>>> print(open('run-v9.json').read())   # JSON, N, CA and C atoms
[["chain", "number", "residue", "atom", "x", "y", "z"],
["A", 1, "MET", "N", 0.79, 18.96, 7.74],
["A", 1, "MET", "CA", 0.79, 17.60, 7.29],
["A", 1, "MET", "C", -0.64, 17.24, 6.86],
["A", 2, "VAL", "N", -0.74, 16.54, 5.72],
["A", 2, "VAL", "CA", -2.05, 16.15, 5.21],
["A", 2, "VAL", "C", -2.29, 14.65, 5.34],
["A", 3, "GLY", "N", -1.23, 13.89, 5.65],
["A", 3, "GLY", "CA", -1.37, 12.45, 5.78],
["A", 3, "GLY", "C", -0.01, 11.80, 5.97],
["A", 4, "THR", "N", -0.01, 10.47, 5.97],
["A", 4, "THR", "CA", 1.22, 9.71, 6.09],
["A", 4, "THR", "C", 1.23, 8.58, 5.07],
["A", 5, "CYS", "N", 2.42, 8.12, 4.77],
["A", 5, "CYS", "CA", 2.59, 7.01, 3.84],
["A", 5, "CYS", "C", 3.94, 6.37, 4.15],
["A", 6, "GLY", "N", 3.97, 5.04, 4.27],
["A", 6, "GLY", "CA", 5.25, 4.41, 4.53],
["A", 6, "GLY", "C", 5.13, 2.92, 4.77],
["A", 7, "TYR", "N", 6.27, 2.33, 5.11],
["A", 7, "TYR", "CA", 6.35, 0.90, 5.40],
["A", 7, "TYR", "C", 6.33, 0.71, 6.91],
["A", 8, "TYR", "N", 5.67, -0.35, 7.35],
["A", 8, "TYR", "CA", 5.43, -0.51, 8.77],
["A", 8, "TYR", "C", 6.05, -1.74, 9.41],
["A", 9, "ARG", "N", 6.22, -2.82, 8.68],
["A", 9, "ARG", "CA", 6.78, -4.03, 9.30],
["A", 9, "ARG", "C", 7.15, -5.04, 8.23],
["A", 10, "GLY", "N", 7.89, -6.09, 8.66],
["A", 10, "GLY", "CA", 8.22, -7.19, 7.79],
["A", 10, "GLY", "C", 9.58, -7.12, 7.14],
["A", 11, "PHE", "N", 10.38, -6.13, 7.47],
["A", 11, "PHE", "CA", 11.63, -5.89, 6.76],
["A", 11, "PHE", "C", 12.63, -7.03, 6.87],
["A", 12, "GLU", "N", 12.62, -7.75, 7.98],
["A", 12, "GLU", "CA", 13.59, -8.82, 8.17],
["A", 12, "GLU", "C", 13.39, -9.96, 7.18],
["A", 13, "GLN", "N", 12.26, -10.03, 6.54],
["A", 13, "GLN", "CA", 12.00, -11.07, 5.55],
["A", 13, "GLN", "C", 12.00, -10.51, 4.14],
["A", 14, "GLY", "N", 12.56, -9.31, 3.95],
["A", 14, "GLY", "CA", 12.60, -8.70, 2.63],
["A", 14, "GLY", "C", 11.25, -8.24, 2.14],
["A", 15, "ALA", "N", 10.36, -7.98, 3.08],
["A", 15, "ALA", "CA", 9.01, -7.54, 2.73],
["A", 15, "ALA", "C", 8.67, -6.28, 3.50],
["A", 16, "GLY", "N", 7.74, -5.54, 2.99],
["A", 16, "GLY", "CA", 7.29, -4.35, 3.70],
["A", 16, "GLY", "C", 5.79, -4.17, 3.56],
["A", 17, "GLU", "N", 5.15, -3.92, 4.69],
["A", 17, "GLU", "CA", 3.72, -3.60, 4.65],
["A", 17, "GLU", "C", 3.58, -2.11, 4.39],
["A", 18, "LEU", "N", 2.92, -1.78, 3.31],
["A", 18, "LEU", "CA", 2.72, -0.39, 2.91],
["A", 18, "LEU", "C", 1.40, 0.10, 3.48],
["A", 19, "GLY", "N", 1.43, 1.26, 4.10],
["A", 19, "GLY", "CA", 0.21, 1.82, 4.67],
["A", 19, "GLY", "C", 0.15, 3.32, 4.45],
["A", 20, "CYS", "N", -1.06, 3.85, 4.53],
["A", 20, "CYS", "CA", -1.23, 5.29, 4.32],
["A", 20, "CYS", "C", -2.51, 5.78, 4.98],
["A", 21, "VAL", "N", -2.48, 7.06, 5.31],
["A", 21, "VAL", "CA", -3.64, 7.75, 5.87],
["A", 21, "VAL", "C", -3.64, 9.15, 5.27],
["A", 22, "LEU", "N", -4.82, 9.63, 4.89],
["A", 22, "LEU", "CA", -4.93, 10.96, 4.30],
["A", 22, "LEU", "C", -6.15, 11.65, 4.88],
["A", 23, "LEU", "N", -5.98, 12.89, 5.29],
["A", 23, "LEU", "CA", -7.12, 13.66, 5.78],
["A", 23, "LEU", "C", -8.17, 13.77, 4.68],
["A", 24, "SER", "N", -9.44, 13.63, 5.05],
["A", 24, "SER", "CA", -10.52, 13.55, 4.06],
["A", 24, "SER", "C", -10.59, 14.76, 3.14],
["A", 25, "GLN", "N", -10.25, 15.94, 3.62],
["A", 25, "GLN", "CA", -10.36, 17.13, 2.77],
["A", 25, "GLN", "C", -9.32, 17.14, 1.64],
["A", 26, "TYR", "N", -8.34, 16.22, 1.68],
["A", 26, "TYR", "CA", -7.33, 16.15, 0.63],
["A", 26, "TYR", "C", -7.54, 14.96, -0.31],
["A", 27, "CYS", "N", -8.56, 14.16, -0.06],
["A", 27, "CYS", "CA", -8.85, 13.01, -0.91],
["A", 27, "CYS", "C", -9.28, 13.47, -2.31],
["A", 28, "GLY", "N", -8.97, 12.63, -3.29],
["A", 28, "GLY", "CA", -9.40, 12.92, -4.66],
["A", 28, "GLY", "C", -8.50, 13.87, -5.42],
["A", 29, "GLN", "N", -7.35, 14.22, -4.85],
["A", 29, "GLN", "CA", -6.43, 15.15, -5.51],
["A", 29, "GLN", "C", -5.20, 14.46, -6.08],
["A", 30, "GLY", "N", -5.12, 13.13, -5.95],
["A", 30, "GLY", "CA", -3.98, 12.39, -6.47],
["A", 30, "GLY", "C", -2.77, 12.38, -5.57],
["A", 31, "LEU", "N", -2.90, 12.95, -4.37],
["A", 31, "LEU", "CA", -1.75, 13.03, -3.47],
["A", 31, "LEU", "C", -1.28, 11.65, -3.02],
["A", 32, "MET", "N", -2.20, 10.79, -2.62],
["A", 32, "MET", "CA", -1.81, 9.48, -2.13],
["A", 32, "MET", "C", -1.31, 8.60, -3.26],
["A", 33, "ASN", "N", -1.86, 8.76, -4.45],
["A", 33, "ASN", "CA", -1.35, 8.02, -5.60],
["A", 33, "ASN", "C", 0.13, 8.34, -5.81],
["A", 34, "SER", "N", 0.46, 9.62, -5.80],
["A", 34, "SER", "CA", 1.86, 10.04, -5.98],
["A", 34, "SER", "C", 2.73, 9.54, -4.83],
["A", 35, "ALA", "N", 2.25, 9.66, -3.61],
["A", 35, "ALA", "CA", 3.03, 9.24, -2.45],
["A", 35, "ALA", "C", 3.29, 7.74, -2.48],
["A", 36, "LEU", "N", 2.29, 6.95, -2.82],
["A", 36, "LEU", "CA", 2.47, 5.50, -2.86],
["A", 36, "LEU", "C", 3.37, 5.08, -4.01],
["A", 37, "GLU", "N", 3.28, 5.75, -5.15],
["A", 37, "GLU", "CA", 4.19, 5.46, -6.26],
["A", 37, "GLU", "C", 5.64, 5.66, -5.81],
["A", 38, "LEU", "N", 5.90, 6.77, -5.14],
["A", 38, "LEU", "CA", 7.26, 7.04, -4.63],
["A", 38, "LEU", "C", 7.67, 6.02, -3.59],
["A", 39, "ALA", "N", 6.76, 5.65, -2.70],
["A", 39, "ALA", "CA", 7.07, 4.67, -1.66],
["A", 39, "ALA", "C", 7.38, 3.30, -2.26],
["A", 40, "ILE", "N", 6.64, 2.91, -3.28],
["A", 40, "ILE", "CA", 6.90, 1.62, -3.94],
["A", 40, "ILE", "C", 8.27, 1.64, -4.61],
["A", 41, "THR", "N", 8.57, 2.71, -5.33],
["A", 41, "THR", "CA", 9.88, 2.84, -5.98],
["A", 41, "THR", "C", 11.00, 2.79, -4.94],
["A", 42, "PHE", "N", 10.84, 3.51, -3.84],
["A", 42, "PHE", "CA", 11.82, 3.51, -2.76],
["A", 42, "PHE", "C", 11.99, 2.11, -2.18],
["A", 43, "GLY", "N", 10.88, 1.42, -1.95],
["A", 43, "GLY", "CA", 10.94, 0.07, -1.40],
["A", 43, "GLY", "C", 11.69, -0.89, -2.30],
["A", 44, "LEU", "N", 11.46, -0.79, -3.58],
["A", 44, "LEU", "CA", 12.11, -1.70, -4.53],
["A", 44, "LEU", "C", 13.58, -1.33, -4.75],
["A", 45, "GLN", "N", 13.85, -0.06, -4.97],
["A", 45, "GLN", "CA", 15.20, 0.35, -5.38],
["A", 45, "GLN", "C", 16.15, 0.60, -4.21],
["A", 46, "THR", "N", 15.66, 1.13, -3.11],
["A", 46, "THR", "CA", 16.53, 1.48, -1.99],
["A", 46, "THR", "C", 16.50, 0.43, -0.89],
["A", 47, "MET", "N", 15.32, -0.06, -0.56],
["A", 47, "MET", "CA", 15.20, -1.05, 0.50],
["A", 47, "MET", "C", 15.37, -2.48, -0.02],
["A", 48, "ASN", "N", 15.38, -2.64, -1.35],
["A", 48, "ASN", "CA", 15.51, -3.95, -1.99],
["A", 48, "ASN", "C", 14.46, -4.95, -1.52],
["A", 49, "LEU", "N", 13.24, -4.48, -1.34],
["A", 49, "LEU", "CA", 12.16, -5.36, -0.91],
["A", 49, "LEU", "C", 11.83, -6.36, -2.01],
["A", 50, "LYS", "N", 11.49, -7.55, -1.60],
["A", 50, "LYS", "CA", 11.07, -8.61, -2.52],
["A", 50, "LYS", "C", 9.56, -8.79, -2.52],
["A", 51, "ARG", "N", 8.93, -8.21, -1.51],
["A", 51, "ARG", "CA", 7.47, -8.29, -1.40],
["A", 51, "ARG", "C", 6.96, -6.99, -0.79],
["A", 52, "ILE", "N", 5.97, -6.41, -1.43],
["A", 52, "ILE", "CA", 5.28, -5.23, -0.89],
["A", 52, "ILE", "C", 3.82, -5.60, -0.77],
["A", 53, "TRP", "N", 3.25, -5.39, 0.40],
["A", 53, "TRP", "CA", 1.85, -5.75, 0.61],
["A", 53, "TRP", "C", 1.14, -4.66, 1.39],
["A", 54, "ALA", "N", -0.17, -4.71, 1.29],
["A", 54, "ALA", "CA", -1.02, -3.74, 1.99],
["A", 54, "ALA", "C", -2.32, -4.43, 2.35],
["A", 55, "ALA", "N", -2.97, -3.94, 3.38],
["A", 55, "ALA", "CA", -4.26, -4.48, 3.80],
["A", 55, "ALA", "C", -5.22, -3.34, 4.09],
["A", 56, "THR", "N", -6.48, -3.58, 3.81],
["A", 56, "THR", "CA", -7.52, -2.59, 4.09],
["A", 56, "THR", "C", -8.82, -3.34, 4.35],
["A", 57, "THR", "N", -9.83, -2.60, 4.71],
["A", 57, "THR", "CA", -11.14, -3.22, 4.91],
["A", 57, "THR", "C", -11.86, -3.33, 3.57],
["A", 58, "PRO", "N", -12.74, -4.31, 3.42],
["A", 58, "PRO", "CA", -13.49, -4.44, 2.17],
["A", 58, "PRO", "C", -14.36, -3.22, 1.86],
["A", 59, "GLN", "N", -14.72, -2.47, 2.88],
["A", 59, "GLN", "CA", -15.57, -1.29, 2.69],
["A", 59, "GLN", "C", -14.79, -0.09, 2.14],
["A", 60, "ASN", "N", -13.48, -0.11, 2.23],
["A", 60, "ASN", "CA", -12.66, 1.02, 1.78],
["A", 60, "ASN", "C", -12.40, 0.90, 0.28],
["A", 61, "LYS", "N", -13.44, 1.16, -0.49],
["A", 61, "LYS", "CA", -13.38, 0.99, -1.95],
["A", 61, "LYS", "C", -12.33, 1.87, -2.61],
["A", 62, "LYS", "N", -12.16, 3.10, -2.11],
["A", 62, "LYS", "CA", -11.17, 4.00, -2.71],
["A", 62, "LYS", "C", -9.75, 3.45, -2.52],
["A", 63, "ALA", "N", -9.45, 2.91, -1.34],
["A", 63, "ALA", "CA", -8.13, 2.32, -1.11],
["A", 63, "ALA", "C", -7.92, 1.11, -2.00],
["A", 64, "ILE", "N", -8.94, 0.28, -2.15],
["A", 64, "ILE", "CA", -8.84, -0.89, -3.01],
["A", 64, "ILE", "C", -8.58, -0.47, -4.45],
["A", 65, "GLN", "N", -9.30, 0.52, -4.94],
["A", 65, "GLN", "CA", -9.09, 1.02, -6.30],
["A", 65, "GLN", "C", -7.68, 1.56, -6.47],
["A", 66, "LEU", "N", -7.19, 2.29, -5.48],
["A", 66, "LEU", "CA", -5.84, 2.85, -5.54],
["A", 66, "LEU", "C", -4.80, 1.75, -5.57],
["A", 67, "LEU", "N", -4.91, 0.77, -4.69],
["A", 67, "LEU", "CA", -3.95, -0.33, -4.67],
["A", 67, "LEU", "C", -3.94, -1.09, -6.00],
["A", 68, "GLU", "N", -5.11, -1.35, -6.54],
["A", 68, "GLU", "CA", -5.19, -2.04, -7.82],
["A", 68, "GLU", "C", -4.60, -1.20, -8.95],
["A", 69, "ARG", "N", -4.86, 0.10, -8.93],
["A", 69, "ARG", "CA", -4.31, 1.00, -9.95],
["A", 69, "ARG", "C", -2.78, 1.01, -9.90],
["A", 70, "LEU", "N", -2.22, 0.83, -8.71],
["A", 70, "LEU", "CA", -0.76, 0.82, -8.54],
["A", 70, "LEU", "C", -0.15, -0.55, -8.84],
["A", 71, "GLY", "N", -0.97, -1.52, -9.21],
["A", 71, "GLY", "CA", -0.46, -2.82, -9.61],
["A", 71, "GLY", "C", -0.50, -3.90, -8.55],
["A", 72, "LEU", "N", -1.06, -3.61, -7.38],
["A", 72, "LEU", "CA", -1.18, -4.64, -6.36],
["A", 72, "LEU", "C", -2.40, -5.51, -6.67],
["A", 73, "LYS", "N", -2.27, -6.78, -6.38],
["A", 73, "LYS", "CA", -3.35, -7.74, -6.65],
["A", 73, "LYS", "C", -3.87, -8.31, -5.33],
["A", 74, "LYS", "N", -5.18, -8.49, -5.27],
["A", 74, "LYS", "CA", -5.78, -9.10, -4.07],
["A", 74, "LYS", "C", -5.28, -10.53, -3.94],
["A", 75, "THR", "N", -4.78, -10.85, -2.74],
["A", 75, "THR", "CA", -4.26, -12.19, -2.51],
["A", 75, "THR", "C", -5.09, -13.00, -1.52],
["A", 76, "ARG", "N", -5.74, -12.31, -0.58],
["A", 76, "ARG", "CA", -6.54, -13.09, 0.38],
["A", 76, "ARG", "C", -7.39, -12.19, 1.25],
["A", 77, "ASP", "N", -8.38, -12.81, 1.86],
["A", 77, "ASP", "CA", -9.17, -12.19, 2.92],
["A", 77, "ASP", "C", -8.58, -12.69, 4.23],
["A", 78, "THR", "N", -8.26, -11.78, 5.14],
["A", 78, "THR", "CA", -7.62, -12.17, 6.39],
["A", 78, "THR", "C", -8.66, -12.61, 7.42],
["A", 79, "GLU", "N", -8.17, -13.26, 8.46],
["A", 79, "GLU", "CA", -9.04, -13.73, 9.54],
["A", 79, "GLU", "C", -9.69, -12.58, 10.30],
["A", 80, "ASP", "N", -9.04, -11.42, 10.30],
["A", 80, "ASP", "CA", -9.59, -10.28, 11.04],
["A", 80, "ASP", "C", -10.43, -9.35, 10.16],
["A", 81, "GLY", "N", -10.87, -9.85, 9.00],
["A", 81, "GLY", "CA", -11.82, -9.11, 8.19],
["A", 81, "GLY", "C", -11.23, -8.11, 7.21],
["A", 82, "GLU", "N", -9.92, -8.16, 6.98],
["A", 82, "GLU", "CA", -9.32, -7.26, 6.01],
["A", 82, "GLU", "C", -9.08, -7.98, 4.69],
["A", 83, "VAL", "N", -8.77, -7.19, 3.68],
["A", 83, "VAL", "CA", -8.41, -7.70, 2.37],
["A", 83, "VAL", "C", -6.94, -7.38, 2.16],
["A", 84, "GLU", "N", -6.15, -8.38, 1.77],
["A", 84, "GLU", "CA", -4.71, -8.18, 1.60],
["A", 84, "GLU", "C", -4.36, -8.15, 0.12],
["A", 85, "PHE", "N", -3.44, -7.25, -0.22],
["A", 85, "PHE", "CA", -2.98, -7.06, -1.60],
["A", 85, "PHE", "C", -1.47, -7.18, -1.63],
["A", 86, "ASP", "N", -0.94, -7.76, -2.71],
["A", 86, "ASP", "CA", 0.49, -7.90, -2.91],
["A", 86, "ASP", "C", 0.90, -7.30, -4.24],
["A", 87, "LEU", "N", 2.11, -6.73, -4.25],
["A", 87, "LEU", "CA", 2.71, -6.30, -5.50],
["A", 87, "LEU", "C", 3.51, -7.47, -6.02],
["A", 88, "VAL", "N", 3.20, -7.91, -7.21],
["A", 88, "VAL", "CA", 3.91, -9.03, -7.82],
["A", 88, "VAL", "C", 5.23, -8.50, -8.36],
["A", 89, "ILE", "N", 6.33, -8.98, -7.79],
["A", 89, "ILE", "CA", 7.66, -8.53, -8.17],
["A", 89, "ILE", "C", 8.34, -9.67, -8.92],
["A", 90, "THR", "N", 8.72, -9.37, -10.15],
["A", 90, "THR", "CA", 9.36, -10.42, -10.97],
["A", 90, "THR", "C", 10.81, -10.14, -11.20]]
>>> encode(input="run-v9.json", output="structure tokens")
Amino acid sequence: MVGTCGYYRGFEQGAGELGCVLLSQYCGQGLMNSALELAITFGLQTMNLKRIWAATTPQNKKAIQLLERLGLKKTRDTEDGEVEFDLVIT
């Protein structure tokens, strides 16, 4: 296993928090981009999610770039020091 990717909570409200972890030696190979693309498609088409969101620290620039590249938009800074992103579903 090189990492994880999936939804963690919020399903009862038609939402899912998307999260991921990847071992550092596998970063930069596009693996997490592919995994998150599949997870987003699964969330929308199979789980019928109406909201997909993710949170990370402001220092995690690579995660922020990845989330933005996948179409998530920054929505707020949380009280516990994280940055939250949402996928706008129309």
>>> closest_residue(input="run-v9.json", among="A:Ile52, A:Phe85, A:Glu68, A:Pro58", to="A:Glu17", atoms="only C-alpha atoms")
A:Ile52
>>> atom_distance(input="run-v9.json", atom1="atom N of A:Gln25", atom2="atom N of A:Gly3")
9.5 Å
>>> select_by_dssp(input="run-v9.json", residues="stretch 7-42 of chain A", states="alpha helix (DSSP H)", output="list in words")
Leu31, Met32, Asn33, Ser34, Ala35, Leu36, Glu37, Leu38, Ala39, Ile40, Thr41 and Phe42 of chain A
>>> closest_residue(input="run-v9.json", among="A:Leu49, A:Val88, A:Val21, A:Met32", to="A:Leu72", atoms="all atoms listed in the file")
A:Val88
>>> atom_distance(input="run-v9.json", atom1="atom CA of A:Lys61", atom2="atom CA of A:Ile40")
20.4 Å
>>> axis_aligned_box(input="run-v9.json", around="stretch 27-30 of chain A", padding_each_side="5 Å", output="AutoDock Vina command-line options")
--center_x -6.1 --center_y 13.8 --center_z -3.3 --size_x 16.6 --size_y 12.8 --size_z 16.4
>>> residues_around(input="run-v9.json", residues="A:Leu87", least_positions_apart="5", cutoff="7 Å", atoms="only N, CA and C atoms", output="JSON, numbers by chain")
{"A": [51, 52, 53, 54, 71, 72, 73]}
>>> closest_residue(input="run-v9.json", among="A:Thr57, A:Asn48, A:Glu82, A:Leu36", to="A:Leu70", atoms="all atoms listed in the file")
A:Leu36
>>> closest_residue(input="run-v9.json", among="A:Gln59, A:Arg76, A:Leu23, A:Gly43", to="A:Met1", atoms="only N, CA and C atoms")
A:Leu23
>>> closest_residue(input="run-v9.json", among="A:Cys27, A:Gln65, A:Lys50, A:Ala39", to="A:Gln13", atoms="all atoms listed in the file")
A:Lys50
>>> select_by_dssp(input="run-v9.json", residues="stretch 11-80 of chain A", states="strand (DSSP E)", output="mmCIF file with N, CA and C atoms, in the frame of the given file")
data_model
loop_
_atom_site.group_PDB
_atom_site.id
_atom_site.type_symbol
_atom_site.label_atom_id
_atom_site.label_comp_id
_atom_site.auth_asym_id
_atom_site.auth_seq_id
_atom_site.Cartn_x
_atom_site.Cartn_y
_atom_site.Cartn_z
ATOM 1 N N ALA A 15 10.360 -7.980 3.080
ATOM 2 C CA ALA A 15 9.010 -7.540 2.730
ATOM 3 C C ALA A 15 8.670 -6.280 3.500
ATOM 4 N N GLY A 16 7.740 -5.540 2.990
ATOM 5 C CA GLY A 16 7.290 -4.350 3.700
ATOM 6 C C GLY A 16 5.790 -4.170 3.560
ATOM 7 N N GLU A 17 5.150 -3.920 4.690
ATOM 8 C CA GLU A 17 3.720 -3.600 4.650
ATOM 9 C C GLU A 17 3.580 -2.110 4.390
ATOM 10 N N LEU A 18 2.920 -1.780 3.310
ATOM 11 C CA LEU A 18 2.720 -0.390 2.910
ATOM 12 C C LEU A 18 1.400 0.100 3.480
ATOM 13 N N GLY A 19 1.430 1.260 4.100
ATOM 14 C CA GLY A 19 0.210 1.820 4.670
ATOM 15 C C GLY A 19 0.150 3.320 4.450
ATOM 16 N N CYS A 20 -1.060 3.850 4.530
ATOM 17 C CA CYS A 20 -1.230 5.290 4.320
ATOM 18 C C CYS A 20 -2.510 5.780 4.980
ATOM 19 N N VAL A 21 -2.480 7.060 5.310
ATOM 20 C CA VAL A 21 -3.640 7.750 5.870
ATOM 21 C C VAL A 21 -3.640 9.150 5.270
ATOM 22 N N LEU A 22 -4.820 9.630 4.890
ATOM 23 C CA LEU A 22 -4.930 10.960 4.300
ATOM 24 C C LEU A 22 -6.150 11.650 4.880
ATOM 25 N N ARG A 51 8.930 -8.210 -1.510
ATOM 26 C CA ARG A 51 7.470 -8.290 -1.400
ATOM 27 C C ARG A 51 6.960 -6.990 -0.790
ATOM 28 N N ILE A 52 5.970 -6.410 -1.430
ATOM 29 C CA ILE A 52 5.280 -5.230 -0.890
ATOM 30 C C ILE A 52 3.820 -5.600 -0.770
ATOM 31 N N TRP A 53 3.250 -5.390 0.400
ATOM 32 C CA TRP A 53 1.850 -5.750 0.610
ATOM 33 C C TRP A 53 1.140 -4.660 1.390
ATOM 34 N N ALA A 54 -0.170 -4.710 1.290
ATOM 35 C CA ALA A 54 -1.020 -3.740 1.990
ATOM 36 C C ALA A 54 -2.320 -4.430 2.350
ATOM 37 N N ALA A 55 -2.970 -3.940 3.380
ATOM 38 C CA ALA A 55 -4.260 -4.480 3.800
ATOM 39 C C ALA A 55 -5.220 -3.340 4.090
ATOM 40 N N THR A 56 -6.480 -3.580 3.810
ATOM 41 C CA THR A 56 -7.520 -2.590 4.090
ATOM 42 C C THR A 56 -8.820 -3.340 4.350
ATOM 43 N N LEU A 72 -1.060 -3.610 -7.380
ATOM 44 C CA LEU A 72 -1.180 -4.640 -6.360
ATOM 45 C C LEU A 72 -2.400 -5.510 -6.670
ATOM 46 N N LYS A 73 -2.270 -6.780 -6.380
ATOM 47 C CA LYS A 73 -3.350 -7.740 -6.650
ATOM 48 C C LYS A 73 -3.870 -8.310 -5.330
ATOM 49 N N LYS A 74 -5.180 -8.490 -5.270
ATOM 50 C CA LYS A 74 -5.780 -9.100 -4.070
ATOM 51 C C LYS A 74 -5.280 -10.530 -3.940
ATOM 52 N N THR A 75 -4.780 -10.850 -2.740
ATOM 53 C CA THR A 75 -4.260 -12.190 -2.510
ATOM 54 C C THR A 75 -5.090 -13.000 -1.520
ATOM 55 N N ARG A 76 -5.740 -12.310 -0.580
ATOM 56 C CA ARG A 76 -6.540 -13.090 0.380
ATOM 57 C C ARG A 76 -7.390 -12.190 1.250
ATOM 58 N N ASP A 77 -8.380 -12.810 1.860
ATOM 59 C CA ASP A 77 -9.170 -12.190 2.920
ATOM 60 C C ASP A 77 -8.580 -12.690 4.230
#
>>> closest_residue(input="run-v9.json", among="A:Tyr26, A:Gly14, A:Gly19, A:Thr75", to="A:Met47", atoms="only N, CA and C atoms")
A:Gly14
>>> atom_distance(input="run-v9.json", atom1="atom CA of A:Leu31", atom2="atom C of A:Asn60")
16.6 Å
